[in-house]
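See below for work-v8.txt, which holds compact mmCIF, N, CA and C atoms.
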```txt
# COMPACT_ATOMS: atom_id res chain seq x y z
N MET A 1 8.40 149.63 227.15
CA MET A 1 9.54 149.05 226.46
C MET A 1 10.46 150.18 226.02
N SER A 2 11.75 149.98 226.18
CA SER A 2 12.69 151.04 225.85
C SER A 2 12.85 151.19 224.32
N PRO A 3 13.15 152.39 223.86
CA PRO A 3 13.35 152.60 222.43
C PRO A 3 14.46 151.73 221.85
N THR A 4 15.49 151.45 222.65
CA THR A 4 16.58 150.62 222.16
C THR A 4 16.10 149.20 221.90
N LEU A 5 15.28 148.66 222.78
CA LEU A 5 14.74 147.32 222.57
C LEU A 5 13.83 147.26 221.36
N VAL A 6 13.04 148.31 221.17
CA VAL A 6 12.18 148.37 219.99
C VAL A 6 13.04 148.41 218.72
N GLY A 7 14.10 149.20 218.74
CA GLY A 7 15.00 149.27 217.58
C GLY A 7 15.64 147.93 217.29
N LEU A 8 16.08 147.23 218.31
CA LEU A 8 16.69 145.92 218.11
C LEU A 8 15.66 144.89 217.65
N ALA A 9 14.42 144.99 218.14
CA ALA A 9 13.36 144.10 217.66
C ALA A 9 13.07 144.34 216.18
N VAL A 10 13.07 145.60 215.79
CA VAL A 10 12.85 145.93 214.37
C VAL A 10 14.01 145.40 213.54
N LEU A 11 15.21 145.45 214.05
CA LEU A 11 16.36 144.88 213.34
C LEU A 11 16.15 143.38 213.11
N GLY A 12 15.66 142.69 214.12
CA GLY A 12 15.34 141.27 213.95
C GLY A 12 14.26 141.05 212.90
N LEU A 13 13.23 141.90 212.91
CA LEU A 13 12.18 141.82 211.90
C LEU A 13 12.74 142.05 210.51
N MET A 14 13.65 143.00 210.38
CA MET A 14 14.26 143.27 209.07
C MET A 14 15.02 142.04 208.56
N MET A 15 15.67 141.34 209.45
CA MET A 15 16.39 140.13 209.05
C MET A 15 15.42 139.04 208.60
N VAL A 16 14.32 138.89 209.31
CA VAL A 16 13.30 137.91 208.92
C VAL A 16 12.71 138.28 207.56
N LEU A 17 12.45 139.56 207.33
CA LEU A 17 11.92 140.01 206.04
C LEU A 17 12.91 139.74 204.91
N ALA A 18 14.20 139.91 205.17
CA ALA A 18 15.22 139.64 204.14
C ALA A 18 15.25 138.15 203.80
N LEU A 19 15.15 137.30 204.81
CA LEU A 19 15.11 135.85 204.56
C LEU A 19 13.87 135.46 203.76
N ARG A 20 12.75 136.03 204.14
CA ARG A 20 11.48 135.75 203.44
C ARG A 20 11.55 136.24 201.99
N ALA A 21 12.09 137.42 201.78
CA ALA A 21 12.20 137.97 200.43
C ALA A 21 13.15 137.13 199.58
N ASP A 22 14.17 136.56 200.19
CA ASP A 22 15.11 135.72 199.45
C ASP A 22 14.40 134.51 198.86
N ARG A 23 13.42 133.99 199.57
CA ARG A 23 12.67 132.84 199.08
C ARG A 23 11.59 133.22 198.09
N ARG A 24 11.00 134.40 198.24
CA ARG A 24 9.79 134.74 197.48
C ARG A 24 10.01 135.67 196.29
N LEU A 25 10.95 136.59 196.37
CA LEU A 25 11.12 137.58 195.30
C LEU A 25 12.00 137.04 194.18
N ALA A 26 11.45 136.97 193.00
CA ALA A 26 12.17 136.57 191.80
C ALA A 26 13.01 135.32 192.02
N PRO A 27 12.38 134.19 192.36
CA PRO A 27 13.15 132.97 192.59
C PRO A 27 13.95 132.58 191.35
N GLY A 28 15.15 132.11 191.57
CA GLY A 28 16.00 131.67 190.46
C GLY A 28 16.86 132.76 189.84
N ARG A 29 16.66 134.00 190.22
CA ARG A 29 17.47 135.08 189.66
C ARG A 29 18.64 135.36 190.57
N ALA A 30 19.83 135.37 190.00
CA ALA A 30 21.04 135.63 190.79
C ALA A 30 21.25 137.11 191.06
N MET A 31 20.74 137.97 190.17
CA MET A 31 20.89 139.41 190.31
C MET A 31 19.50 140.03 190.49
N LEU A 32 19.44 141.02 191.38
CA LEU A 32 18.18 141.74 191.62
C LEU A 32 18.41 143.23 191.42
N PRO A 33 17.35 143.96 191.10
CA PRO A 33 17.50 145.41 190.97
C PRO A 33 17.95 146.02 192.30
N MET A 34 18.87 146.96 192.21
CA MET A 34 19.38 147.59 193.42
C MET A 34 19.09 149.09 193.45
N ASN A 35 19.17 149.74 192.31
CA ASN A 35 18.91 151.18 192.22
C ASN A 35 17.84 151.42 191.18
N PHE A 36 16.98 152.40 191.48
CA PHE A 36 15.86 152.70 190.61
C PHE A 36 15.85 154.18 190.28
N ALA A 37 15.45 154.50 189.05
CA ALA A 37 15.25 155.89 188.65
C ALA A 37 13.90 156.35 189.20
N PRO A 38 13.66 157.67 189.23
CA PRO A 38 12.37 158.16 189.73
C PRO A 38 11.16 157.59 188.98
N ASP A 39 11.33 157.22 187.72
CA ASP A 39 10.20 156.66 186.96
C ASP A 39 10.05 155.15 187.18
N GLY A 40 10.91 154.55 188.02
CA GLY A 40 10.79 153.13 188.35
C GLY A 40 11.65 152.21 187.53
N THR A 41 12.38 152.74 186.54
CA THR A 41 13.25 151.86 185.76
C THR A 41 14.48 151.50 186.59
N VAL A 42 15.03 150.34 186.29
CA VAL A 42 16.18 149.84 187.03
C VAL A 42 17.45 150.47 186.50
N ILE A 43 18.26 151.01 187.38
CA ILE A 43 19.53 151.62 187.00
C ILE A 43 20.66 150.61 187.13
N ARG A 44 20.65 149.88 188.25
CA ARG A 44 21.77 148.97 188.53
C ARG A 44 21.25 147.72 189.22
N HIS A 45 21.92 146.61 188.96
CA HIS A 45 21.61 145.33 189.61
C HIS A 45 22.73 144.97 190.58
N ALA A 46 22.41 144.12 191.53
CA ALA A 46 23.40 143.64 192.50
C ALA A 46 23.15 142.15 192.72
N PRO A 47 24.17 141.44 193.19
CA PRO A 47 23.92 140.04 193.55
C PRO A 47 22.78 139.96 194.57
N ARG A 48 22.02 138.91 194.47
CA ARG A 48 20.80 138.71 195.26
C ARG A 48 21.00 138.98 196.75
N ARG A 49 22.00 138.38 197.35
CA ARG A 49 22.20 138.52 198.80
C ARG A 49 22.56 139.96 199.19
N ILE A 50 23.34 140.62 198.37
CA ILE A 50 23.70 142.01 198.67
C ILE A 50 22.46 142.90 198.59
N ALA A 51 21.66 142.70 197.55
CA ALA A 51 20.46 143.52 197.37
C ALA A 51 19.49 143.35 198.54
N LEU A 52 19.28 142.12 198.98
CA LEU A 52 18.29 141.87 200.02
C LEU A 52 18.79 142.13 201.43
N TRP A 53 20.09 142.01 201.65
CA TRP A 53 20.62 142.19 203.00
C TRP A 53 21.24 143.56 203.23
N PHE A 54 21.15 144.46 202.25
CA PHE A 54 21.71 145.79 202.42
C PHE A 54 21.02 146.55 203.56
N MET A 55 19.70 146.55 203.58
CA MET A 55 18.96 147.31 204.61
C MET A 55 19.17 146.73 206.01
N PRO A 56 19.11 145.41 206.20
CA PRO A 56 19.42 144.90 207.54
C PRO A 56 20.86 145.22 207.98
N ALA A 57 21.80 145.17 207.05
CA ALA A 57 23.18 145.52 207.39
C ALA A 57 23.28 146.99 207.78
N LEU A 58 22.57 147.84 207.06
CA LEU A 58 22.53 149.26 207.42
C LEU A 58 21.89 149.44 208.79
N GLY A 59 20.88 148.63 209.08
CA GLY A 59 20.26 148.67 210.40
C GLY A 59 21.24 148.35 211.51
N VAL A 60 22.11 147.36 211.29
CA VAL A 60 23.13 147.02 212.28
C VAL A 60 24.07 148.20 212.49
N VAL A 61 24.49 148.82 211.39
CA VAL A 61 25.39 149.97 211.48
C VAL A 61 24.76 151.12 212.26
N VAL A 62 23.45 151.26 212.17
CA VAL A 62 22.75 152.34 212.87
C VAL A 62 22.41 151.96 214.30
N PHE A 63 21.85 150.77 214.51
CA PHE A 63 21.33 150.39 215.83
C PHE A 63 22.40 150.05 216.85
N VAL A 64 23.46 149.41 216.44
CA VAL A 64 24.49 149.02 217.42
C VAL A 64 25.11 150.25 218.09
N PRO A 65 25.56 151.26 217.34
CA PRO A 65 26.09 152.44 218.03
C PRO A 65 25.03 153.15 218.89
N LEU A 66 23.77 153.18 218.41
CA LEU A 66 22.72 153.80 219.22
C LEU A 66 22.52 153.03 220.53
N ALA A 67 22.53 151.72 220.44
CA ALA A 67 22.33 150.90 221.64
C ALA A 67 23.51 151.03 222.61
N LEU A 68 24.71 151.18 222.07
CA LEU A 68 25.90 151.27 222.93
C LEU A 68 26.11 152.66 223.51
N PHE A 69 25.94 153.69 222.69
CA PHE A 69 26.33 155.03 223.10
C PHE A 69 25.18 155.95 223.50
N ALA A 70 23.97 155.62 223.09
CA ALA A 70 22.81 156.46 223.43
C ALA A 70 21.60 155.60 223.72
N PRO A 71 21.71 154.68 224.68
CA PRO A 71 20.56 153.82 224.97
C PRO A 71 19.37 154.62 225.50
N GLY A 72 18.19 154.22 225.08
CA GLY A 72 16.99 154.86 225.58
C GLY A 72 16.60 156.15 224.88
N THR A 73 17.32 156.55 223.84
CA THR A 73 16.97 157.78 223.13
C THR A 73 15.94 157.48 222.04
N PRO A 74 15.16 158.47 221.64
CA PRO A 74 14.17 158.25 220.58
C PRO A 74 14.80 158.05 219.20
N GLY A 75 16.10 158.24 219.08
CA GLY A 75 16.77 158.02 217.79
C GLY A 75 16.59 156.61 217.29
N ALA A 76 16.56 155.64 218.19
CA ALA A 76 16.36 154.25 217.78
C ALA A 76 14.98 154.05 217.16
N LEU A 77 13.97 154.69 217.71
CA LEU A 77 12.62 154.58 217.15
C LEU A 77 12.52 155.23 215.77
N ILE A 78 13.16 156.38 215.64
CA ILE A 78 13.15 157.08 214.36
C ILE A 78 13.89 156.26 213.31
N ALA A 79 15.05 155.75 213.66
CA ALA A 79 15.84 154.93 212.74
C ALA A 79 15.09 153.65 212.38
N ALA A 80 14.47 153.02 213.37
CA ALA A 80 13.73 151.78 213.12
C ALA A 80 12.60 152.00 212.12
N THR A 81 11.86 153.07 212.32
CA THR A 81 10.75 153.37 211.42
C THR A 81 11.24 153.65 210.01
N ALA A 82 12.28 154.46 209.89
CA ALA A 82 12.80 154.82 208.57
C ALA A 82 13.38 153.62 207.84
N LEU A 83 14.19 152.82 208.52
CA LEU A 83 14.83 151.69 207.86
C LEU A 83 13.83 150.60 207.49
N LEU A 84 12.90 150.30 208.37
CA LEU A 84 11.89 149.29 208.06
C LEU A 84 11.01 149.74 206.90
N SER A 85 10.62 150.99 206.90
CA SER A 85 9.82 151.52 205.79
C SER A 85 10.60 151.45 204.48
N GLY A 86 11.87 151.82 204.54
CA GLY A 86 12.71 151.75 203.34
C GLY A 86 12.86 150.33 202.82
N GLN A 87 13.01 149.38 203.73
CA GLN A 87 13.16 147.99 203.30
C GLN A 87 11.86 147.48 202.66
N LEU A 88 10.73 147.77 203.26
CA LEU A 88 9.46 147.33 202.69
C LEU A 88 9.22 147.96 201.32
N PHE A 89 9.54 149.24 201.17
CA PHE A 89 9.40 149.91 199.88
C PHE A 89 10.34 149.29 198.85
N PHE A 90 11.56 149.01 199.25
CA PHE A 90 12.54 148.41 198.35
C PHE A 90 12.07 147.02 197.88
N HIS A 91 11.54 146.21 198.78
CA HIS A 91 11.04 144.89 198.40
C HIS A 91 9.84 145.04 197.45
N TRP A 92 9.01 146.03 197.68
CA TRP A 92 7.88 146.27 196.79
C TRP A 92 8.38 146.64 195.39
N LEU A 93 9.41 147.50 195.32
CA LEU A 93 9.97 147.86 194.01
C LEU A 93 10.58 146.66 193.31
N ILE A 94 11.28 145.81 194.03
CA ILE A 94 11.85 144.61 193.43
C ILE A 94 10.73 143.73 192.88
N GLY A 95 9.68 143.55 193.67
CA GLY A 95 8.56 142.72 193.24
C GLY A 95 7.89 143.25 191.98
N ARG A 96 7.86 144.56 191.82
CA ARG A 96 7.26 145.17 190.62
C ARG A 96 8.11 145.00 189.38
N THR A 97 9.45 145.00 189.55
CA THR A 97 10.32 145.02 188.38
C THR A 97 10.98 143.69 188.07
N ALA A 98 11.09 142.81 189.05
CA ALA A 98 11.81 141.55 188.81
C ALA A 98 10.87 140.46 188.34
```
Would you mind writing the structure in this file as structure tokens?
Amino acid sequence: MSPTLVGLAVLGLMMVLALRADRRLAPGRAMLPMNFAPDGTVIRHAPRRIALWFMPALGVVVFVPLALFAPGTPGALIAATALLSGQLFFHWLIGRTA
């Protein structure tokens, strides 16, 4: 399987995770933590949809140019791993604080 297809599959997974988190993380809260201090305290809040869809949107910004201008490069795999890991960590932090 090509790295570009793997990157796009991970982008789809990120979208599914954002939908799932919207239903499960802090139901009923309109604002969710967006930025955290190193000690885990919340610095800033954002509207729910912005907080949960930021990482998938960033994934689109990264994967689409990679798929168009550098198909088949390992950059898609590196980006997929980093963004998915960041999203999972972010959801874990929200779950701890919200």
Surrounding residues of A:Val10 excluding itself and chain neighbours under 4 positions, 9 Å, only C-alpha atoms, as a PyMOL selection string:
chain A and resi 5-6+14-15+59+80-81+83-84
To one decimal place, how far is atom CA of A:Ala46 from atom CA of A:Ala30 in Å?
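Between atom CA of A:Ala46 and atom CA of A:Ala30 the gap works out to 8.5 Å.
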Return the single residue from A:Ala70, A:Ala79, A:Val60, A:Leu32 that is closest to A:Gly12, with distances computed using only C-alpha atoms.
A:Val60
Could you work out how far atom N of A:Leu13 lies from atom C of A:Val42, giving the answer in Å with one decimal?
28.1 Å
So, with all atoms listed in the file as the atoms that count, which of A:Leu8, A:Ala82, A:Leu52, A:Val61 lies closest to A:Pro33?
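Among A:Leu8, A:Ala82, A:Leu52, A:Val61, it is A:Leu52 that comes nearest to A:Pro33.
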Please return as a ChimeraX atom specification: the residues of stretch 6-80 of chain A that backbone DSSP assigns to helix (DSSP H, G or I).
/A:6-24,48-69,75-80
Can you list, as a ChimeraX atom specification, every protein, DNA or RNA residue that comes within 8 Å of A:Pro3 when you count only N, CA and C atoms, leaving out same-chain residues fewer than 4 positions away?
/A:7-9,67,71-78
Go ahead and compute the interatomic distance for atom CA of A:His91 and atom CA of A:Val64, in Å to one decimal.
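Interatomic distance here is 23.7 Å.
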List the spatial neighbours of A:Thr97 as a list in words - criterion: any atom at most 12 Å away, only C-alpha atoms, same-chain residues fewer than 6 positions off excluded.
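Surrounding residues, per the criterion: Leu25, Ala26, Leu32, Pro33, Met34, Asn35, Phe36, Ala37, Asp39, Gly40, Thr41, Val42, Ile43, His45, Phe90 and His91 of chain A.
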